[in-house]
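**Q** Contents of structure07.txt (compact mmCIF, C-alpha atoms) are given next:
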# COMPACT_ATOMS: atom_id res chain seq x y z
CA LEU A 1 -30.17 2.89 -20.80
CA ARG A 2 -32.44 4.40 -23.42
CA THR A 3 -32.46 7.24 -25.90
CA VAL A 4 -35.59 9.38 -26.12
CA THR A 5 -35.66 12.46 -28.35
CA GLY A 6 -31.88 12.49 -28.28
CA VAL A 7 -31.56 12.36 -24.50
CA GLN A 8 -29.84 9.40 -22.87
CA THR A 9 -31.69 8.16 -19.80
CA CYS A 10 -31.46 5.15 -17.52
CA ALA A 11 -33.37 2.40 -15.74
CA LEU A 12 -34.14 0.50 -18.92
CA PRO A 13 -32.83 -2.77 -20.36
CA ILE A 14 -31.03 -1.88 -23.56
CA CYS A 15 -31.32 -3.28 -27.04
CA THR A 16 -27.69 -3.67 -28.03
CA THR A 17 -28.00 -3.42 -31.82
CA SER A 18 -30.04 -1.77 -34.55
CA ASN A 19 -29.30 -4.69 -36.90
CA LEU A 20 -32.51 -6.61 -36.14
CA PHE A 21 -34.60 -8.28 -38.86
CA SER A 22 -32.00 -7.55 -41.55
CA THR A 23 -30.90 -11.07 -42.51
CA SER A 24 -32.70 -14.11 -43.90
CA TRP A 25 -32.06 -17.41 -42.10
CA SER A 26 -32.61 -21.03 -43.06
CA SER A 27 -35.39 -21.73 -40.53
CA SER A 28 -37.84 -19.82 -38.36
CA ASN A 29 -36.20 -21.09 -35.18
CA LEU A 30 -32.76 -19.99 -36.33
CA ALA A 31 -34.18 -16.62 -37.41
CA PHE A 32 -35.61 -16.09 -33.94
CA VAL A 33 -32.41 -17.17 -32.16
CA GLU A 34 -30.17 -14.94 -34.27
CA ASN A 35 -32.38 -11.87 -33.84
CA MET A 36 -32.75 -12.54 -30.12
CA PHE A 37 -28.95 -12.67 -29.84
CA ARG A 38 -28.56 -9.50 -31.87
CA GLY A 39 -31.12 -7.61 -29.81
CA LEU A 40 -30.03 -8.78 -26.38
CA LEU A 41 -26.32 -9.55 -26.75
CA GLY A 42 -25.32 -7.37 -29.68
CA ARG A 43 -23.87 -10.28 -31.63
CA ASP A 44 -24.89 -13.23 -33.77
CA ALA A 45 -25.19 -16.68 -32.30
CA ASN A 46 -22.18 -18.58 -33.60
CA THR A 47 -23.10 -20.81 -36.55
CA THR A 48 -19.76 -22.64 -36.71
CA ASN A 49 -19.35 -23.92 -33.14
CA GLY A 50 -22.92 -25.18 -32.73
CA GLU A 51 -24.17 -22.32 -30.54
CA ALA A 52 -26.92 -21.18 -32.93
CA THR A 53 -28.05 -24.75 -33.67
CA TRP A 54 -28.12 -25.63 -29.96
CA TRP A 55 -30.53 -22.82 -29.16
CA ALA A 56 -32.66 -23.48 -32.24
CA ASN A 57 -32.90 -27.15 -31.32
CA LEU A 58 -34.24 -26.20 -27.88
CA LEU A 59 -37.15 -24.52 -29.63
CA SER A 60 -37.65 -27.55 -31.87
CA SER A 61 -37.75 -29.80 -28.80
CA GLY A 62 -40.60 -27.83 -27.23
CA TYR A 63 -39.10 -25.05 -25.15
CA THR A 64 -41.03 -21.82 -25.58
CA ARG A 65 -39.58 -18.59 -26.93
CA SER A 66 -40.34 -16.97 -23.58
CA THR A 67 -38.30 -19.58 -21.72
CA ILE A 68 -35.36 -19.26 -24.11
CA THR A 69 -35.48 -15.47 -23.87
CA SER A 70 -35.57 -15.57 -20.08
CA TRP A 71 -32.38 -17.65 -20.02
CA ILE A 72 -30.57 -15.07 -22.14
CA LEU A 73 -31.96 -12.22 -20.03
CA ASN A 74 -30.53 -13.91 -16.93
CA SER A 75 -27.18 -14.78 -18.48
CA THR A 76 -23.91 -13.34 -17.22
CA GLU A 77 -23.17 -11.96 -20.69
CA TYR A 78 -26.42 -10.02 -21.01
CA LEU A 79 -26.45 -8.77 -17.43
CA GLY A 80 -22.83 -7.62 -17.73
CA LEU A 81 -23.85 -5.41 -20.65
CA GLN A 82 -26.72 -3.97 -18.63
CA VAL A 83 -24.56 -3.32 -15.57
CA ASP A 84 -21.92 -1.42 -17.54
CA SER A 85 -24.50 0.53 -19.51
CA THR A 86 -26.39 1.68 -16.41
CA PHE A 87 -23.18 2.51 -14.55
CA LYS A 88 -22.16 4.70 -17.49
CA SER A 89 -25.56 6.40 -17.64
CA ILE A 90 -25.79 7.19 -13.92
CA LEU A 91 -22.22 7.34 -12.61
CA GLY A 92 -20.44 8.28 -15.82
CA ARG A 93 -18.19 5.23 -15.74
CA THR A 94 -18.16 1.51 -16.28
CA THR A 95 -17.61 -0.87 -13.40
CA SER A 96 -14.18 -0.35 -11.88
CA SER A 97 -13.33 -4.03 -11.40
CA SER A 98 -14.49 -7.51 -12.29
CA SER A 99 -15.61 -8.04 -8.71
CA GLU A 100 -17.84 -4.94 -8.84
CA LYS A 101 -19.49 -6.15 -12.03
CA THR A 102 -19.80 -9.69 -10.68
CA TYR A 103 -21.49 -8.40 -7.53
CA TRP A 104 -24.23 -6.60 -9.47
CA ILE A 105 -24.71 -9.48 -11.89
CA GLY A 106 -25.24 -11.70 -8.86
CA GLN A 107 -27.81 -9.26 -7.52
CA PHE A 108 -29.71 -9.45 -10.81
CA GLN A 109 -29.56 -13.23 -10.85
CA GLY A 110 -30.86 -13.21 -7.29
CA GLY A 111 -33.98 -11.35 -8.38
CA MET A 112 -33.08 -7.65 -8.33
CA SER A 113 -35.02 -5.59 -10.89
CA TYR A 114 -33.61 -2.96 -13.24
CA GLU A 115 -35.55 -0.34 -11.36
CA THR A 116 -33.99 -1.37 -8.05
CA PHE A 117 -30.54 -1.36 -9.64
CA ALA A 118 -31.01 2.17 -10.96
CA ILE A 119 -32.30 3.37 -7.60
CA SER A 120 -29.30 1.79 -5.85
CA LEU A 121 -26.87 3.71 -8.06
CA LEU A 122 -28.85 6.95 -7.82
CA THR A 123 -28.72 6.78 -4.02
CA SER A 124 -25.16 5.45 -3.76
CA ASN A 125 -22.45 7.25 -1.83
CA GLU A 126 -20.71 7.97 -5.13
CA PHE A 127 -23.74 9.68 -6.66
CA THR A 128 -24.50 11.49 -3.40
CA THR A 129 -20.95 12.87 -3.22
CA SER A 130 -21.21 14.35 -6.72
CA HIS A 131 -24.75 15.66 -6.08
CA SER A 132 -24.44 16.89 -2.53
CA THR A 133 -27.39 19.31 -2.46
CA SER A 134 -31.05 18.40 -2.78
CA SER A 135 -31.29 20.76 -5.73
CA SER A 136 -28.51 19.11 -7.74
CA PHE A 137 -29.80 15.66 -6.84
CA VAL A 138 -33.36 16.34 -8.04
CA THR A 139 -32.22 18.09 -11.21
CA SER A 140 -29.86 15.27 -12.15
CA LEU A 141 -32.45 12.64 -11.25
CA PHE A 142 -34.95 14.18 -13.66
CA GLU A 143 -32.33 14.54 -16.39
CA ILE A 144 -31.06 10.97 -16.04
CA VAL A 145 -34.39 9.18 -15.62
CA LEU A 146 -36.88 11.38 -17.50
CA GLY A 147 -34.60 13.15 -19.96
CA ARG A 148 -35.78 16.61 -18.92
CA ASP A 149 -35.35 19.29 -16.30
CA PRO A 150 -37.89 19.48 -13.47
CA GLY A 151 -40.35 22.36 -13.53
CA THR A 152 -40.07 25.01 -10.83
CA SER A 153 -42.87 23.55 -8.73
CA GLU A 154 -41.63 19.98 -9.29
CA ALA A 155 -38.13 20.93 -8.20
CA SER A 156 -39.39 22.60 -5.03
CA TYR A 157 -41.70 19.67 -4.20
CA TRP A 158 -39.12 16.93 -4.64
CA GLN A 159 -36.28 18.85 -3.02
CA THR A 160 -38.31 18.97 0.18
CA TYR A 161 -38.58 15.18 0.22
CA ALA A 162 -34.98 14.66 -0.91
CA ALA A 163 -33.77 16.48 2.18
CA SER A 164 -35.09 13.61 4.30
CA SER A 165 -35.09 10.60 1.94
CA ARG A 166 -33.36 10.49 -1.41
CA SER A 167 -34.34 6.85 -1.75
CA TYR A 168 -38.02 7.79 -1.62
CA VAL A 169 -37.60 10.45 -4.30
CA ALA A 170 -35.54 8.20 -6.58
CA THR A 171 -38.07 5.39 -6.24
CA CYS A 172 -40.98 7.69 -7.06
CA ILE A 173 -39.30 9.05 -10.20
CA VAL A 174 -37.85 5.76 -11.48
CA LYS A 175 -41.20 4.00 -10.99
CA SER A 176 -43.36 6.89 -12.18
CA SER A 177 -45.87 6.62 -14.99
CA GLU A 178 -43.79 9.10 -16.99
CA SER A 179 -40.68 6.95 -16.65
CA TYR A 180 -42.49 3.77 -17.64
CA THR A 181 -44.18 5.52 -20.57
CA LEU A 182 -40.79 6.60 -21.93
CA ALA A 183 -39.45 3.10 -21.36
CA VAL A 184 -42.28 1.33 -23.17
CA LYS A 185 -42.16 3.69 -26.14
CA SER A 186 -38.43 3.14 -26.46
CA LEU A 187 -38.64 -0.64 -26.06
CA PHE A 188 -41.22 -0.90 -28.84
CA VAL A 189 -38.98 1.03 -31.22
CA GLN A 190 -35.88 -0.91 -30.22
CA PHE A 191 -37.28 -4.44 -30.25
CA LEU A 192 -40.23 -4.27 -32.66
CA HIS A 193 -39.11 -1.35 -34.86
CA ARG A 194 -42.38 0.51 -34.43
CA SER A 195 -44.20 2.86 -32.11
CA THR A 196 -47.06 1.69 -29.94
CA SER A 197 -50.08 1.59 -32.21
CA SER A 198 -52.66 3.14 -29.88
CA SER A 199 -53.10 4.79 -26.51
CA SER A 200 -54.66 1.58 -25.20
CA GLU A 201 -51.63 -0.48 -26.27
CA LEU A 202 -49.32 2.03 -24.61
CA SER A 203 -51.44 2.08 -21.46
CA TYR A 204 -51.46 -1.73 -21.27
CA TRP A 205 -47.68 -2.02 -21.45
CA VAL A 206 -47.07 0.86 -19.05
CA GLY A 207 -49.29 -1.00 -16.59
CA ALA A 208 -47.39 -4.22 -17.29
CA ALA A 209 -44.06 -2.52 -16.66
CA SER A 210 -45.34 -1.05 -13.41
CA SER A 211 -46.71 -4.42 -12.23
CA TRP A 212 -44.15 -6.89 -13.55
CA GLY A 213 -41.02 -4.81 -14.16
CA LEU A 214 -39.20 -3.83 -17.33
CA ASN A 215 -37.45 -7.18 -17.66
CA ALA A 216 -40.82 -8.88 -18.13
CA VAL A 217 -41.76 -6.38 -20.84
CA VAL A 218 -38.54 -7.07 -22.72
CA ASN A 219 -39.21 -10.81 -22.50
CA SER A 220 -42.75 -10.35 -23.78
CA LEU A 221 -41.69 -8.25 -26.76
CA VAL A 222 -38.77 -10.45 -27.78
CA SER A 223 -40.76 -13.68 -27.43
CA SER A 224 -43.84 -12.23 -29.19
CA SER A 225 -45.30 -13.53 -32.44
CA GLU A 226 -44.58 -10.12 -33.96
CA PHE A 227 -40.86 -10.38 -33.20
CA LEU A 228 -40.82 -13.91 -34.66
CA THR A 229 -42.64 -12.85 -37.83
CA LYS A 230 -40.29 -9.93 -38.40
CA SER A 231 -37.32 -12.23 -37.77
CA GLN A 232 -38.63 -14.73 -40.34
CA ASN A 233 -39.45 -12.09 -42.96
CA ALA A 234 -36.26 -10.05 -42.50
CA THR A 235 -38.33 -6.86 -42.56
CA GLY A 236 -35.49 -4.56 -41.49
CA TRP A 237 -36.52 -1.05 -40.53
Translate this structure into structure tokens?

**A**
Amino acid sequence: LRTVTGVQTCALPICTTSNLFSTSWSSSNLAFVENMFRGLLGRDANTTNGEATWWANLLSSGYTRSTITSWILNSTEYLGLQVDSTFKSILGRTTSSSSEKTYWIGQFQGGMSYETFAISLLTSNEFTTSHSTSSSFVTSLFEIVLGRDPGTSEASYWQTYAASSRSYVATCIVKSSESYTLAVKSLFVQFLHRSTSSSSELSYWVGAASSWGLNAVVNSLVSSSEFLTKSQNATGW
């Protein structure tokens, strides 16, 4: 889920809080852990039950920020937030049962990407039932993924393909350069509190998202030296 120019769109790992880089912590490792938890889980790591210290000590013992971040990104807690958020964005509801949520969390932990998850929901029987015509499917696909209506020629072009393969159309739109460009711009604002600094920086990360997936981009931004420095300095917005 992401917000671009006021439009809520999907197929993107969410940052769960805007409260990043707002608090000073006693050590750089603790500052990183707390801001990672805020950004990815929407809560502080608990400082009274040893949770925060446990994660900070992993960094002190030699584990990299990227490794620590990847564990959180693959956790049941984080993935549950992503599943519910994307269900809400695409299907207009949260998961209907614990077993439904558990199933999709298991798919993520088995290697499914966010893009594949979004495509699965966009081509599900539930979405198809509520968007029975090729026209309504293409229009909603553009609105949900790109935050805009398709142009006349775009609508005609994609409706032709949707008549034979909605999966093909959904894959093309979700994995399009436009979709990844929106995603990267939003991720920079959410996790680093800034826009991409140049067209070359934007182009690099759009390429990275296309090649490695959005999960890898989130890991790279959260485990970056820039994220650490802003966590240490409590730069706020």

**Q** Separation of CA of Phe191 (chain A) and CA of Asp149 (chain A), in Å?

**A**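 Distance between the two atoms: 27.6 Å.
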
**Q** Please provide as a list in words all residues within 9 Å of Ser24 (chain A), with the sequence filter that same-chain residues fewer than 3 positions apart are discarded (counting all atoms listed in the file).

**A**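 Near Ser24 (chain A), the qualifying residues are Phe21, Ser27, Ala31, Ser231, Gln232, Asn233 and Ala234 of chain A.
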
**Q** Dump C-alpha atoms for the selected residues as a compact mmCIF listing (two decimals), keeping the file's coordinate frame?

**A**
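File produced: selection-v9.txt:
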# COMPACT_ATOMS: atom_id res chain seq x y z
CA PHE A 21 -34.60 -8.28 -38.86
CA SER A 27 -35.39 -21.73 -40.53
CA ALA A 31 -34.18 -16.62 -37.41
CA SER A 231 -37.32 -12.23 -37.77
CA GLN A 232 -38.63 -14.73 -40.34
CA ASN A 233 -39.45 -12.09 -42.96
CA ALA A 234 -36.26 -10.05 -42.50

**Q** Within 9 Å of region 71-75 of chain A, counting only C-alpha atoms, which residues qualify if same-chain residues fewer than 5 places away don't, as JSON, numbers by chain?

**A** {"A": [36, 37, 40, 41, 66, 80, 105, 108, 109, 215, 218, 219]}

**Q** Would you list the contacts of Thr133 (chain A) as a ChimeraX atom specification, taking every protein, DNA or RNA residue within 12 Å and counting all atoms listed in the file, but skipping same-chain residues closer than 6 positions in sequence?

**A** /A:127,139-140,159-160,162-164,166

**Q** Pick from A:Thr123, A:Val169, A:Tyr180, A:Lys88: nearest to Leu146 (chain A), with only C-alpha atoms counted?

**A**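 Ranked by minimum distance to Leu146 (chain A), first place goes to A:Tyr180.
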
**Q** Have a look at A:Glu34, A:Ser70, A:Leu91, A:Phe137 and name the one nearest to Trp55 (chain A); count all atoms listed in the file.

**A** A:Glu34

**Q** Using only C-alpha atoms, which of the listed residues (A:Phe188, A:Phe227, A:Trp158, A:Phe117) sits closest to Gly213 (chain A)?

**A**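 When distances to Gly213 (chain A) are compared using only C-alpha atoms, the smallest one comes from A:Phe117.
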
**Q** Could you work out how far CA of Ser89 (chain A) lies from CA of Gly106 (chain A), giving the answer in Å with one decimal?

**A**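 So the answer is 20.1 Å.
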
**Q** Do you have the CA of Ser167 (chain A)-CA of Arg148 (chain A) distance handy?

**A**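 Taking CA of Ser167 (chain A) as the start and CA of Arg148 (chain A) as the end point, the length is 19.8 Å.
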